[in-house]
Amino acid sequence: MSIVVDTDACVGAGQCALVAPDVFDQDDDGIVALLEPDPQGADLAAATRAVRLCPARAIALAE
Amino acid sequence: MTTPERVVVVGASIGGLTTAETLRQEGYDGEIVLVGDEACLPYTRPPLSKQILMGEWEPGRAEVRSRTEIDDLDIEVRTGCPAIGLDVAGRVLHTSQGPLAYDEIVVATGSTPRRHPGLPTALTLRTVADAVALRDALRVVGNVAVVGAGILGAEIASAARKYGAETTLIGREDRLGFGGVGTLLSDRLADLHAAYDVEVLLRTEVVGSEPATDGTRVTFGDGSVRGFDLVVAMIGATPNTQWLASSALTLGDGIICDSAGAAAPGVHAVGDVAAWADPATGRHQRVEHQSNAIEQAVGIATRIVHGTESGRPIPLFWSEIHGTRINAYGWFDPARPLIGDASAAVLTSRDAADQIRGVVGWNAAPREFRVARAAVSAPSSPAPSRPAEPVEGAIR
């Protein structure tokens, strides 16, 4: 599984960086920045939660 | 416990969509039917009053899932299909397209803007169609009255100024509101509007209006009359429960639910329409913020699939007003002023025991706000609102 982010769709809510801080960061405008495209273990679980909580559906898990 | 064969989700906005998606992601392999009254696919509402109103996004960008993505999850979507009644005992949803039997139902029918009795022709904002109509109107008018001094009123005033319209923001109370923060940010918001030449009229009642050749003549409580090219009313919303009036559900300001979102056997509710019991106070309260709908939806779906309870959602909402990004996270006590000086980018709300219950970011750097958020904790819950019950409809 790997993480894909869509910075055009991102609205900067910051949910991802809060629930999965080792996977996601935000730039100065709040837009998502991907730190770890291939998270494992607990980071993967946190990233899965971030995918769900993203209000803009700007994060996806890809096979 | 038996596996539900069909879960019906009524209401196809973000709460309904998140419920359906999470059910699938958590391993539910039965039938999922997502029923919505609008003709379009599920969309997210925050951009309606922000990017779409400002003309930065085309309306289609608010749609969060394509038909293909929804099909890939094997979710049946019925659009243009309003719900008209619910048979709780028989587990049947009645819709304009006929009855639909269910094993578990999640109600996510949202809310509708309240109509101002004195402003029958005022525009309002709830749907993507409303946002497009308002955007197009703001582009061509010289002056605008925005009635209602909450977040949406402020966002619309902000958009109106961006389009160059003379803008008057009108509130009945003596302070400006900001969602769950209440009026604690009123002074900062008033300064912000003043800096962008928005005329703010507080303690001001609108009592009536009449159409004029060039717009609307608005009559105020003191008898004065002013003309506006456009009038927008954002005076709150009422939960969409009319279709449930003859059902067995308990209705108050929304569908009355326990602290985990159960309204009756096999019936759950999420989002604007749902009044979950607050575990700390036992009071039933609706929360009209998108992140709340999403977290409630994740919690309900997880509960249906696994029978487990999830933690209490912490309110999160944000706005952009005249280019100032305002984020709020947590709980705010109207009696306790926010802590932070006039220039602080992060303001905190502390309870009587000095615990941080909420934070506000005012153009705060994302990282700074995130660090501040991490210090927020939920008020403790003295007792559950009702005795613990076995969880209905869990698969295992």
# chains A, B, ... in the order shown; residues from 1 in each chain; ligands from 1
call {"tool": "closest_atom_pairs", "arguments": {"of": "chain A", "to": "chain B", "cutoff": "7 Å", "atoms": "only C-alpha atoms", "output": "CSV"}}
result
residue,atom,partner,partner_atom,distance
A:Leu18,CA,B:Arg370,CA,6.5
A:Gln26,CA,B:Pro366,CA,6.5
A:Asp28,CA,B:Ala365,CA,6.3
A:Gly30,CA,B:Pro366,CA,5.4
A:Leu53,CA,B:Ile294,CA,6.3
A:Pro55,CA,B:Ser291,CA,7.0
A:Ala56,CA,B:Val64,CA,6.4
A:Arg57,CA,B:Val64,CA,5.9
call {"tool": "select_by_dssp", "arguments": {"residues": "range 2-36 of chain A", "states": "alpha helix (DSSP H)", "output": "PDB file with all heavy atoms, in the first residue's frame"}}
result
ATOM      1  N   GLN A  15      -6.131  17.574   9.460  1.00  0.00           N
ATOM      2  CA  GLN A  15      -6.467  16.339  10.178  1.00  0.00           C
ATOM      3  C   GLN A  15      -5.387  15.277   9.984  1.00  0.00           C
ATOM      4  O   GLN A  15      -5.033  14.554  10.910  1.00  0.00           O
ATOM      5  CB  GLN A  15      -7.809  15.774   9.679  1.00  0.00           C
ATOM      6  CG  GLN A  15      -9.013  16.621  10.032  1.00  0.00           C
ATOM      7  CD  GLN A  15      -9.378  16.494  11.495  1.00  0.00           C
ATOM      8  OE1 GLN A  15      -8.603  16.882  12.354  1.00  0.00           O
ATOM      9  NE2 GLN A  15     -10.555  15.970  11.783  1.00  0.00           N
ATOM     10  N   CYS A  16      -4.864  15.164   8.758  1.00  0.00           N
ATOM     11  CA  CYS A  16      -3.894  14.110   8.439  1.00  0.00           C
ATOM     12  C   CYS A  16      -2.631  14.269   9.274  1.00  0.00           C
ATOM     13  O   CYS A  16      -2.134  13.306   9.859  1.00  0.00           O
ATOM     14  CB  CYS A  16      -3.570  14.112   6.948  1.00  0.00           C
ATOM     15  SG  CYS A  16      -2.956  15.694   6.324  1.00  0.00           S
ATOM     16  N   ALA A  17      -2.120  15.499   9.330  1.00  0.00           N
ATOM     17  CA  ALA A  17      -0.870  15.722  10.045  1.00  0.00           C
ATOM     18  C   ALA A  17      -1.054  15.564  11.553  1.00  0.00           C
ATOM     19  O   ALA A  17      -0.101  15.294  12.274  1.00  0.00           O
ATOM     20  CB  ALA A  17      -0.326  17.117   9.727  1.00  0.00           C
ATOM     21  N   LEU A  18      -2.289  15.706  12.020  1.00  0.00           N
ATOM     22  CA  LEU A  18      -2.534  15.511  13.446  1.00  0.00           C
ATOM     23  C   LEU A  18      -2.589  14.022  13.789  1.00  0.00           C
ATOM     24  O   LEU A  18      -1.994  13.591  14.764  1.00  0.00           O
ATOM     25  CB  LEU A  18      -3.841  16.182  13.866  1.00  0.00           C
ATOM     26  CG  LEU A  18      -4.022  16.182  15.385  1.00  0.00           C
ATOM     27  CD1 LEU A  18      -3.255  17.341  16.002  1.00  0.00           C
ATOM     28  CD2 LEU A  18      -5.476  16.243  15.787  1.00  0.00           C
ATOM     29  N   VAL A  19      -3.303  13.250  12.965  1.00  0.00           N
ATOM     30  CA  VAL A  19      -3.473  11.838  13.320  1.00  0.00           C
ATOM     31  C   VAL A  19      -2.313  10.967  12.832  1.00  0.00           C
ATOM     32  O   VAL A  19      -2.097   9.887  13.366  1.00  0.00           O
ATOM     33  CB  VAL A  19      -4.827  11.262  12.834  1.00  0.00           C
ATOM     34  CG1 VAL A  19      -5.983  12.063  13.418  1.00  0.00           C
ATOM     35  CG2 VAL A  19      -4.923  11.200  11.329  1.00  0.00           C
TER      36      VAL A  19
END
call {"tool": "atom_distance", "arguments": {"atom1": "CA of Ile314 in chain B", "atom2": "CA of Gly299 in chain B"}}
result
12.6 Å
call {"tool": "residues_around", "arguments": {"residues": "Ala378 in chain B", "least_positions_apart": "3", "cutoff": "9 Å", "atoms": "only C-alpha atoms", "output": "PyMOL selection string"}}
result
chain B and resi 280+312+314+330-331+356-358+381
call {"tool": "atom_distance", "arguments": {"atom1": "CA of Val346 in chain B", "atom2": "CA of Tyr329 in chain B"}}
result
11.1 Å
call {"tool": "atom_distance", "arguments": {"atom1": "CA of Gly340 in chain B", "atom2": "CA of Tyr196 in chain B"}}
result
23.4 Å
call {"tool": "residues_around", "arguments": {"residues": "Asp87 in chain B", "least_positions_apart": "5", "cutoff": "12 Å", "atoms": "only C-alpha atoms", "output": "list in words"}}
result
Val92, Leu93, His94, Thr95, Pro99, Leu100, Ala101, Tyr102, Asp103, Ile105, Trp243, Leu244, Ala245, Ser246, Ser247, Ala248, Leu249, Ala264, Pro265, Gly266 and Val267 of chain B
call {"tool": "residues_around", "arguments": {"residues": "Gly80 in chain B", "least_positions_apart": "4", "cutoff": "8 Å", "atoms": "only C-alpha atoms", "output": "list in words"}}
result
Gly36, Asp37, Glu38, Ala39 and Cys40 of chain B
call {"tool": "closest_residue", "arguments": {"among": "A:Asp25, A:Asp8, A:Gly14, A:Ser2", "to": "Cys54 in chain A", "atoms": "only C-alpha atoms"}}
result
A:Gly14
